[in-house]
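Undergrad: Here you go, coords15.txt (compact mmCIF, C-alpha atoms):
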```txt
# COMPACT_ATOMS: atom_id res chain seq x y z
CA MET Y 252 4.97 -8.06 -24.93
CA TRP Y 253 1.43 -7.45 -26.22
CA ALA Y 254 1.12 -11.15 -26.94
CA LEU Y 255 1.81 -11.73 -23.27
CA LEU Y 256 -0.85 -9.17 -22.36
CA VAL Y 257 -3.39 -10.92 -24.57
CA LEU Y 258 -2.55 -14.25 -22.93
CA ILE Y 259 -2.96 -12.79 -19.46
CA GLY Y 260 -6.23 -11.24 -20.53
CA ALA Y 261 -7.57 -14.55 -21.78
CA ALA Y 262 -6.57 -16.24 -18.56
CA SER Y 263 -8.11 -13.69 -16.26
CA VAL Y 264 -11.56 -12.95 -17.62
CA SER Y 265 -13.06 -15.02 -14.83
CA ALA Y 266 -10.51 -14.01 -12.23
CA HIS Y 267 -12.01 -11.61 -9.71
CA LEU Y 268 -10.37 -9.99 -6.76
CA GLN Y 269 -13.65 -10.29 -4.88
CA ASP Y 270 -12.45 -13.78 -3.97
CA PRO Y 271 -11.69 -13.48 -0.27
CA SER Y 272 -8.97 -16.14 -0.39
CA PHE Y 273 -5.83 -14.04 -0.47
CA ASP Y 274 -3.42 -16.96 -0.63
CA GLY Y 275 -0.78 -16.31 -3.27
CA GLN Y 276 -1.95 -12.78 -4.03
CA LYS Y 277 0.92 -10.34 -4.40
CA VAL Y 278 1.38 -6.61 -3.93
CA PHE Y 279 3.80 -5.01 -6.38
CA ARG Y 280 5.45 -1.62 -6.30
CA VAL Y 281 6.46 -0.10 -9.62
CA ILE Y 282 7.79 3.28 -10.66
CA PRO Y 283 6.88 3.80 -14.31
CA GLN Y 284 9.56 5.95 -15.95
CA ASN Y 285 7.62 7.24 -18.93
CA ASP Y 286 4.22 7.34 -20.64
CA GLU Y 287 4.85 4.00 -22.32
CA GLN Y 288 5.31 2.29 -18.95
CA VAL Y 289 2.21 4.04 -17.60
CA GLU Y 290 0.36 2.62 -20.60
CA ILE Y 291 1.51 -0.89 -19.68
CA LEU Y 292 -0.15 -0.50 -16.26
CA ASN Y 293 -3.29 0.82 -17.94
CA SER Y 294 -3.36 -2.21 -20.22
CA LEU Y 295 -2.92 -4.55 -17.26
CA ALA Y 296 -5.79 -2.90 -15.43
CA SER Y 297 -8.01 -3.19 -18.50
CA ILE Y 298 -7.62 -6.95 -18.85
CA MET Y 299 -7.61 -8.10 -15.24
CA GLN Y 300 -8.75 -7.01 -11.82
CA VAL Y 301 -5.98 -4.91 -10.34
CA ASP Y 302 -6.48 -3.40 -6.89
CA PHE Y 303 -4.59 -0.11 -6.77
CA TRP Y 304 -3.43 0.65 -3.23
CA GLN Y 305 -1.58 3.82 -4.11
CA PRO Y 306 -2.68 5.85 -5.95
CA ASP Y 307 -6.18 4.45 -5.63
CA SER Y 308 -6.93 4.32 -9.36
CA VAL Y 309 -4.93 3.54 -12.51
CA THR Y 310 -6.20 6.81 -14.03
CA LEU Y 311 -4.05 8.72 -11.53
CA VAL Y 312 -0.79 6.95 -12.44
CA ARG Y 313 1.87 9.28 -13.88
CA PRO Y 314 5.53 8.77 -14.85
CA LYS Y 315 7.96 8.69 -11.88
CA MET Y 316 5.12 8.02 -9.43
CA GLN Y 317 5.38 5.21 -6.91
CA VAL Y 318 2.54 2.78 -7.62
CA ASP Y 319 1.45 -0.06 -5.32
CA PHE Y 320 -1.08 -2.60 -6.60
CA ARG Y 321 -2.44 -6.03 -5.75
CA VAL Y 322 -3.10 -8.86 -8.19
CA GLY Y 323 -4.72 -12.28 -7.85
CA ALA Y 324 -2.66 -15.42 -7.33
CA GLU Y 325 -3.57 -16.72 -10.79
CA ASN Y 326 -2.07 -13.59 -12.42
CA SER Y 327 0.94 -12.81 -10.29
CA PHE Y 328 3.46 -14.86 -12.28
CA GLU Y 329 2.38 -13.36 -15.63
CA VAL Y 330 2.36 -9.84 -14.20
CA GLU Y 331 5.90 -10.29 -12.94
CA GLU Y 332 6.98 -11.65 -16.34
CA LEU Y 333 5.37 -8.71 -18.09
CA LEU Y 334 7.04 -6.15 -15.83
CA LYS Y 335 10.42 -7.85 -16.38
CA GLU Y 336 9.98 -8.08 -20.12
CA SER Y 337 8.90 -4.46 -20.50
CA GLY Y 338 11.71 -3.17 -18.31
CA VAL Y 339 9.45 -1.61 -15.67
CA GLU Y 340 11.29 -1.26 -12.36
CA TYR Y 341 9.38 -3.22 -9.74
CA GLN Y 342 9.60 -4.87 -6.35
CA VAL Y 343 7.32 -7.32 -4.61
CA LEU Y 344 6.11 -5.54 -1.46
CA ILE Y 345 4.00 -8.43 -0.21
CA ASP Y 346 4.75 -11.88 -1.53
CA ASN Y 347 1.71 -13.62 -0.10
CA LEU Y 348 -1.19 -11.46 1.03
CA GLN Y 349 -2.70 -14.17 3.23
CA THR Y 350 0.53 -14.39 5.24
CA ALA Y 351 0.48 -10.61 5.68
CA LEU Y 352 -3.19 -10.74 6.73
CA ASP Y 353 -2.43 -13.32 9.39
CA ALA Y 354 0.61 -11.33 10.54
CA GLN Y 355 -1.51 -8.24 11.31
CA PHE Y 356 -2.59 -9.89 14.53
CA ASP Y 357 0.90 -9.99 16.01
CA SER Y 358 0.27 -8.06 19.20
CA GLN Y 359 0.74 -9.82 22.50
CA THR Y 360 -2.57 -8.60 23.87
CA ARG Y 361 -5.18 -11.08 22.71
CA ALA Y 362 -7.81 -9.90 25.15
CA THR Y 363 -11.36 -11.00 24.46
CA GLY Y 364 -12.91 -7.56 24.90
CA HIS Y 365 -11.87 -4.16 23.66
CA SER Y 366 -8.17 -3.35 23.50
CA TYR Y 367 -6.45 -0.16 22.41
CA GLU Y 368 -3.51 -2.14 21.08
CA LYS Y 369 -5.39 -4.42 18.76
CA TYR Y 370 -7.88 -4.08 15.94
CA ASN Y 371 -11.44 -4.21 17.25
CA ASN Y 372 -14.43 -5.28 15.21
CA TRP Y 373 -17.46 -3.01 14.94
CA ASP Y 374 -19.52 -4.62 17.72
CA THR Y 375 -16.58 -4.19 20.09
CA ILE Y 376 -16.11 -0.55 19.06
CA ALA Y 377 -19.84 0.18 19.40
CA ALA Y 378 -19.88 -1.29 22.93
CA TRP Y 379 -16.73 0.71 23.76
CA THR Y 380 -18.41 4.00 22.76
CA ALA Y 381 -21.13 3.31 25.33
CA ASP Y 382 -18.63 2.25 28.02
CA ILE Y 383 -16.24 5.18 27.62
CA ALA Y 384 -19.15 7.64 27.88
CA ALA Y 385 -20.62 5.85 30.90
CA GLN Y 386 -17.25 5.76 32.69
CA ASN Y 387 -16.44 9.44 32.03
CA PRO Y 388 -19.78 11.25 32.23
CA ASP Y 389 -18.29 14.66 32.93
CA LEU Y 390 -15.96 14.44 29.92
CA VAL Y 391 -17.59 12.24 27.27
CA SER Y 392 -21.10 11.91 25.87
CA ARG Y 393 -22.39 9.74 23.03
CA SER Y 394 -25.00 10.53 20.40
CA VAL Y 395 -26.23 9.04 17.14
CA ILE Y 396 -25.88 11.28 14.07
CA GLY Y 397 -27.53 8.97 11.55
CA GLU Y 398 -27.55 5.43 10.36
CA THR Y 399 -25.71 3.55 7.64
CA TYR Y 400 -27.13 2.02 4.48
CA GLU Y 401 -27.45 -1.33 6.31
CA GLY Y 402 -29.11 0.33 9.30
CA ARG Y 403 -26.28 0.57 11.83
CA PRO Y 404 -26.28 3.60 14.15
CA MET Y 405 -23.45 6.07 13.59
CA TYR Y 406 -22.11 6.88 17.06
CA LEU Y 407 -20.43 10.21 17.73
CA LEU Y 408 -18.47 10.96 20.89
CA LYS Y 409 -18.31 14.50 22.22
CA MET Y 410 -15.39 15.18 24.54
CA GLY Y 411 -14.75 18.22 26.70
CA LYS Y 412 -15.67 19.87 29.98
CA SER Y 413 -19.02 21.59 29.72
CA GLY Y 414 -18.77 25.34 29.40
CA PRO Y 415 -20.43 28.25 27.60
CA ASN Y 416 -19.77 29.15 23.93
CA LYS Y 417 -17.15 26.49 23.32
CA LYS Y 418 -15.61 26.06 19.89
CA ALA Y 419 -15.02 22.57 18.60
CA ILE Y 420 -12.77 20.32 16.53
CA PHE Y 421 -14.34 17.53 14.48
CA MET Y 422 -12.33 14.36 13.86
CA ASP Y 423 -13.37 11.25 11.96
CA CYS Y 424 -11.84 7.86 11.24
CA GLY Y 425 -12.67 4.86 9.08
CA PHE Y 426 -13.76 6.48 5.81
CA HIS Y 427 -12.18 3.66 3.82
CA ALA Y 428 -13.08 0.26 5.22
CA ARG Y 429 -9.72 -1.46 4.86
CA GLU Y 430 -7.71 1.28 6.60
CA TRP Y 431 -7.93 -0.38 10.01
CA ILE Y 432 -5.28 1.74 11.71
CA SER Y 433 -7.60 4.74 11.27
CA PRO Y 434 -10.44 3.69 13.66
CA ALA Y 435 -7.73 2.40 16.02
CA PHE Y 436 -6.42 5.98 16.22
CA CYS Y 437 -9.80 7.55 17.03
CA GLN Y 438 -10.22 5.09 19.91
CA TRP Y 439 -6.69 5.80 21.12
CA PHE Y 440 -7.22 9.55 21.00
CA VAL Y 441 -10.34 9.30 23.16
CA LYS Y 442 -8.48 7.08 25.65
CA GLU Y 443 -5.58 9.54 25.71
CA ALA Y 444 -7.93 12.44 26.39
CA VAL Y 445 -9.75 10.84 29.32
CA GLU Y 446 -6.60 9.31 30.83
CA THR Y 447 -4.45 12.45 30.69
CA TYR Y 448 -7.11 15.04 31.54
CA GLY Y 449 -5.99 16.72 34.78
CA LYS Y 450 -2.43 15.37 34.36
CA ASP Y 451 -1.22 16.68 31.02
CA THR Y 452 -1.47 20.47 30.92
CA VAL Y 453 -2.00 20.74 27.15
CA MET Y 454 -4.73 18.10 27.04
CA THR Y 455 -6.41 19.56 30.11
CA THR Y 456 -6.47 23.05 28.59
CA LEU Y 457 -7.76 21.68 25.28
CA LEU Y 458 -10.65 19.83 26.92
CA ASP Y 459 -11.46 22.76 29.21
CA LYS Y 460 -11.62 25.24 26.36
CA LEU Y 461 -12.64 23.19 23.32
CA ASP Y 462 -14.97 20.32 22.49
CA PHE Y 463 -13.85 17.42 20.34
CA TYR Y 464 -16.36 15.56 18.21
CA VAL Y 465 -14.98 12.12 17.38
CA LEU Y 466 -16.65 9.82 14.85
CA PRO Y 467 -14.76 6.54 15.38
CA VAL Y 468 -15.94 4.87 12.14
CA VAL Y 469 -17.63 6.66 9.24
CA ASN Y 470 -18.01 3.70 6.89
CA ILE Y 471 -19.32 1.14 9.38
CA ASP Y 472 -20.92 -1.25 6.84
CA GLY Y 473 -17.70 -1.41 4.85
CA TYR Y 474 -15.68 -1.94 8.03
CA VAL Y 475 -17.92 -4.84 9.07
CA TYR Y 476 -17.51 -6.31 5.57
CA THR Y 477 -13.71 -6.24 5.92
CA TRP Y 478 -14.05 -8.34 9.07
CA THR Y 479 -16.59 -10.83 7.73
CA THR Y 480 -16.10 -11.16 3.98
CA ASN Y 481 -13.32 -9.26 2.22
CA ARG Y 482 -10.46 -7.65 4.17
CA MET Y 483 -9.55 -5.52 1.15
CA TRP Y 484 -12.94 -3.82 0.73
CA ARG Y 485 -12.76 0.00 0.56
CA LYS Y 486 -16.16 1.50 -0.24
CA THR Y 487 -19.55 1.68 1.45
CA ARG Y 488 -21.99 -1.22 0.93
CA SER Y 489 -24.89 0.57 -0.77
CA LYS Y 490 -26.45 -1.07 -3.83
CA SER Y 491 -25.94 0.88 -7.04
CA ALA Y 492 -28.95 1.27 -9.32
CA ASN Y 493 -28.53 -0.45 -12.72
CA SER Y 494 -25.30 -2.16 -11.66
CA ILE Y 495 -24.31 -5.46 -10.09
CA CYS Y 496 -21.61 -3.61 -8.15
CA TYR Y 497 -21.81 -2.38 -4.59
CA GLY Y 498 -20.54 0.65 -2.78
CA THR Y 499 -19.41 4.23 -3.23
CA ASP Y 500 -16.10 5.74 -2.20
CA PRO Y 501 -17.32 7.98 0.65
CA ASN Y 502 -14.30 10.25 0.22
CA ARG Y 503 -15.32 11.04 -3.37
CA ASN Y 504 -18.94 11.67 -2.38
CA PHE Y 505 -18.78 15.23 -1.03
CA ASN Y 506 -19.81 18.34 -2.91
CA ALA Y 507 -16.31 19.67 -3.53
CA GLY Y 508 -15.53 19.54 -7.25
CA TRP Y 509 -17.63 16.36 -7.13
CA CYS Y 510 -16.61 13.71 -9.69
CA THR Y 511 -14.46 16.06 -11.75
CA THR Y 512 -11.03 14.50 -11.22
CA GLY Y 513 -9.54 11.42 -9.57
CA ALA Y 514 -12.99 9.89 -9.15
CA SER Y 515 -14.95 7.47 -11.29
CA LYS Y 516 -18.53 7.41 -12.57
CA ASN Y 517 -18.32 3.63 -12.83
CA PRO Y 518 -20.13 1.94 -9.89
CA CYS Y 519 -17.67 -0.96 -10.06
CA SER Y 520 -14.67 1.30 -9.50
CA ASP Y 521 -13.02 1.67 -6.09
CA THR Y 522 -13.20 5.45 -6.53
CA TYR Y 523 -16.86 5.57 -7.61
CA CYS Y 524 -18.16 9.05 -6.71
CA GLY Y 525 -21.77 7.93 -6.16
CA SER Y 526 -24.92 8.91 -8.03
CA ALA Y 527 -24.81 12.45 -6.62
CA PRO Y 528 -22.97 14.39 -3.87
CA GLU Y 529 -23.96 12.96 -0.46
CA SER Y 530 -25.80 10.07 -2.12
CA GLU Y 531 -24.46 7.89 0.72
CA LYS Y 532 -26.33 7.93 4.02
CA GLU Y 533 -23.00 7.99 5.85
CA THR Y 534 -21.59 11.05 4.08
CA LYS Y 535 -24.91 12.85 4.32
CA ALA Y 536 -25.11 12.25 8.09
CA LEU Y 537 -21.58 13.56 8.56
CA ALA Y 538 -22.18 16.60 6.31
CA ASP Y 539 -25.51 17.38 8.00
CA PHE Y 540 -23.90 17.31 11.43
CA ILE Y 541 -21.09 19.65 10.37
CA ARG Y 542 -23.53 22.03 8.64
CA ASP Y 543 -25.64 22.12 11.81
CA HIS Y 544 -22.55 23.01 13.89
CA LEU Y 545 -20.70 25.27 11.45
CA SER Y 546 -20.69 28.19 13.87
CA THR Y 547 -18.71 26.21 16.44
CA ILE Y 548 -16.53 23.76 14.45
CA LYS Y 549 -13.21 25.47 13.75
CA ALA Y 550 -11.10 22.51 12.64
CA TYR Y 551 -11.75 19.32 10.70
CA LEU Y 552 -9.36 16.37 10.94
CA THR Y 553 -9.90 13.19 8.94
CA ILE Y 554 -7.71 10.14 9.50
CA HIS Y 555 -6.76 7.74 6.69
CA SER Y 556 -3.91 5.37 5.81
CA TYR Y 557 -1.36 4.74 4.42
CA SER Y 558 1.69 6.76 3.26
CA GLN Y 559 2.65 9.08 6.13
CA LEU Y 560 1.24 12.33 4.83
CA LEU Y 561 -0.32 15.40 6.36
CA LEU Y 562 -2.48 17.02 3.68
CA PHE Y 563 -4.63 20.11 3.46
CA PRO Y 564 -6.82 21.58 0.68
CA TYR Y 565 -7.08 21.39 -2.15
CA SER Y 566 -7.30 17.97 -3.71
CA TYR Y 567 -9.90 18.73 -6.37
CA THR Y 568 -7.86 21.55 -7.88
CA TYR Y 569 -4.21 22.59 -8.09
CA THR Y 570 -5.26 26.08 -6.99
CA LEU Y 571 -3.81 26.83 -3.57
CA PRO Y 572 -6.23 27.72 -0.76
CA SER Y 573 -6.28 31.33 0.40
CA ASP Y 574 -4.89 30.18 3.78
CA TYR Y 575 -2.05 28.24 2.13
CA GLN Y 576 0.81 29.92 4.05
CA GLU Y 577 -0.78 29.32 7.43
CA LEU Y 578 -1.93 25.76 6.72
CA ASN Y 579 1.48 24.85 5.34
CA SER Y 580 3.29 26.14 8.39
CA ILE Y 581 0.91 24.30 10.74
CA ALA Y 582 1.42 21.08 8.76
CA SER Y 583 5.18 21.57 8.86
CA ALA Y 584 5.23 22.09 12.64
CA ALA Y 585 2.78 19.25 13.30
CA SER Y 586 4.91 16.86 11.18
CA LYS Y 587 7.99 17.85 13.19
CA GLU Y 588 6.08 17.24 16.40
CA LEU Y 589 5.00 13.81 15.15
CA ALA Y 590 8.57 12.88 14.15
CA SER Y 591 9.93 13.87 17.57
CA LEU Y 592 8.89 10.56 19.11
CA TYR Y 593 9.98 7.80 16.71
CA LYS Y 594 11.53 9.82 13.87
CA THR Y 595 8.66 8.87 11.56
CA LYS Y 596 8.93 11.07 8.49
CA TYR Y 597 5.76 12.68 7.15
CA THR Y 598 5.40 14.60 3.89
CA TYR Y 599 2.99 17.54 3.97
CA GLY Y 600 1.30 19.90 1.55
CA PRO Y 601 -1.89 20.48 -0.48
CA GLY Y 602 -3.50 17.20 -1.57
CA ALA Y 603 -3.47 17.63 -5.36
CA GLU Y 604 0.19 18.49 -5.68
CA THR Y 605 1.47 16.39 -2.78
CA ILE Y 606 -0.10 13.12 -3.95
CA TYR Y 607 -2.63 13.38 -6.77
CA PRO Y 608 -5.84 15.22 -7.68
CA ALA Y 609 -9.01 13.73 -6.21
CA ALA Y 610 -12.40 15.42 -6.12
CA GLY Y 611 -15.22 15.03 -3.63
CA GLY Y 612 -13.13 14.73 -0.46
CA SER Y 613 -14.43 15.64 2.98
CA ASP Y 614 -11.46 17.89 3.83
CA ASP Y 615 -11.94 20.11 0.76
CA TRP Y 616 -15.67 20.23 1.43
CA ALA Y 617 -15.15 21.26 5.07
CA TYR Y 618 -12.67 23.95 4.04
CA ASP Y 619 -15.06 25.32 1.43
CA LYS Y 620 -17.76 25.42 4.12
CA GLY Y 621 -15.56 27.85 6.05
CA ILE Y 622 -13.66 25.48 8.38
CA LYS Y 623 -10.21 26.93 7.89
CA TYR Y 624 -8.16 24.32 9.72
CA SER Y 625 -8.91 21.26 7.60
CA PHE Y 626 -6.36 18.43 7.50
CA THR Y 627 -6.10 14.84 6.29
CA PHE Y 628 -3.69 12.43 7.96
CA GLU Y 629 -2.43 9.38 6.08
CA LEU Y 630 -0.98 7.25 8.87
CA ARG Y 631 1.75 4.59 8.76
CA ASP Y 632 3.32 3.07 6.86
CA THR Y 633 4.82 3.84 3.45
CA GLY Y 634 3.91 0.50 1.88
CA ARG Y 635 5.86 -2.30 3.52
CA TYR Y 636 2.57 -3.45 5.10
CA GLY Y 637 0.21 -0.96 3.45
CA PHE Y 638 -3.33 -1.53 4.73
CA LEU Y 639 -2.17 -4.52 6.80
CA LEU Y 640 -0.19 -2.66 9.45
CA PRO Y 641 0.63 -5.13 12.25
CA GLU Y 642 -1.04 -4.58 15.62
CA SER Y 643 2.37 -4.13 17.24
CA GLN Y 644 2.52 -0.79 15.37
CA ILE Y 645 -0.82 0.53 16.68
CA LYS Y 646 0.66 1.97 19.86
CA PRO Y 647 3.65 3.82 18.32
CA THR Y 648 1.52 5.02 15.40
CA CYS Y 649 -1.13 6.41 17.72
CA GLU Y 650 1.33 7.92 20.20
CA GLU Y 651 3.12 9.94 17.53
CA THR Y 652 -0.12 10.99 15.81
CA VAL Y 653 -1.57 12.26 19.10
CA LEU Y 654 1.37 14.69 19.29
CA ALA Y 655 0.50 16.15 15.89
CA VAL Y 656 -3.23 16.35 16.66
CA LYS Y 657 -2.54 18.08 19.98
CA TYR Y 658 -0.26 20.54 18.22
CA ILE Y 659 -2.96 21.39 15.66
CA ALA Y 660 -5.69 21.61 18.32
CA ASN Y 661 -3.57 23.90 20.47
CA TYR Y 662 -2.84 26.10 17.47
CA VAL Y 663 -6.55 26.30 16.69
CA LEU Y 664 -7.29 27.24 20.30
CA GLU Y 665 -4.76 30.08 20.14
CA HIS Y 666 -6.01 31.28 16.74
CA LEU Y 667 -9.78 31.08 17.01
CA TYR Y 668 -11.67 32.97 14.33
```
Let me see whether you can do it: turn the structure in this file into structure tokens.

TA:
Amino acid sequence: MWALLVLIGAASVSAHLQDPSFDGQKVFRVIPQNDEQVEILNSLASIMQVDFWQPDSVTLVRPKMQVDFRVGAENSFEVEELLKESGVEYQVLIDNLQTALDAQFDSQTRATGHSYEKYNNWDTIAAWTADIAAQNPDLVSRSVIGETYEGRPMYLLKMGKSGPNKKAIFMDCGFHAREWISPAFCQWFVKEAVETYGKDTVMTTLLDKLDFYVLPVVNIDGYVYTWTTNRMWRKTRSKSANSICYGTDPNRNFNAGWCTTGASKNPCSDTYCGSAPESEKETKALADFIRDHLSTIKAYLTIHSYSQLLLFPYSYTYTLPSDYQELNSIASAASKELASLYKTKYTYGPGAETIYPAAGGSDDWAYDKGIKYSFTFELRDTGRYGFLLPESQIKPTCEETVLAVKYIANYVLEHLY
């Protein structure tokens, strides 16, 4: 088996997953049964570029854990041979990544402008933020909370009827560039709010009594890069000092156990924690805004994909938060609410023990800043499409997620602190 590994290694020194041609690339799912099989995955990752979809780094792989990873076309045959030969259980989730990429755009609505049922590029989303505020002046306003590394304005929408001393819920999408369903949800939620205000009693009450801050895309530069250059890009696009590699994982860049576990100090890693907490302009802008509004923000919701999870602190430690009982019961009820529409099953719990330990996340940071109701959603699916969820699933995904968000928001409203 090791001879095979050496052969693969020799063949793949020049093979880089930065190559945006995804033809023939495969996504495998394996469940290593023991430490020896975990070691095989470690060896693979050390000799070739392996893109870990779940968990997001080989260092987090443990026995009995479901592991999804992508390999280049030139390696896929050898990888399959190696898995067979070493007796690692595996399945091919995506046989040809390019086919799956093309299949994302399967929705019937191929409108030229903005559409809630398709994936919109950044320019379209930016224009939409202006339009939705202009069309609903008594409910929505737009501001800029900072700019990205490449100089793009970070637009924030504030939703709610104006009133004195209102508390707020902060929600963001698009931390990781390739998780396209995430920004789609933030847009959908805003649409849902303005369209059902005055008709749906829960939404009307929420907007009358609370404000919602919605940041439709956190990692704008990365998102643009997934549209123009590499659909599988995850990080920001900042240039690392003393390295040829670009980007920091924005969700490892917050000052919450920063870079202690489940994050990398290597600038070339997908989970690079950055040179310091809030080294990224995007995370600093978000953190500054929340710090400036700490007295009013009572809940923090951050939307990611994929794996159908509803997580709460902590991820940087196995220690349970002091509000564990309450957060767990909210997550349980919100997951039930979500499942009521299409029977989509969500798993819930504290991040570290529910999936894996990861330091520097925005949800842990917000919780440690005193925002008690801090939750991370990992939207559809569980790996059949992974980051390439077809557009035909945008509507059902968003509809069910709105139910969970409304449940949490309503709970927050009834339990203000």

Undergrad: Assuming 3 Å of padding per side, give the centre and edge lengths of the axis-aligned box around every listed atom of region 545-549 of chain Y, in Å to one decimal and as lines of an AutoDock Vina configuration file.

TA:
```
center_x = -17.0
center_y = 26.0
center_z = 13.9
size_x = 13.5
size_y = 10.4
size_z = 11.0
```

Undergrad: Report, in Å with one decimal, the straight-line distance from CA of Asp274 (chain Y) to CA of Gln644 (chain Y).

TA: 23.5 Å

Undergrad: Taking all atoms listed in the file into account, name the residue in Y:Asn517, Y:Ser530, Y:Gln576, Y:Asn347 that is nearest to Ser308 (chain Y).

TA: Y:Asn517

Undergrad: Counting only C-alpha atoms, which residue out of Y:Gln438, Y:Ser297, Y:Thr570, Y:Thr499 sits closest to His365 (chain Y)?

TA: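 Under the stated criterion, the closest residue is Y:Gln438.
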
Undergrad: Name the closest residue to Glu443 (chain Y) among the candidates Y:Leu664, Y:Val653, Y:Val465, Y:Ala324; distances are taken between atoms, counting all atoms listed in the file.

TA: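 Using all atoms listed in the file, Glu443 (chain Y) sits closest to Y:Val653.
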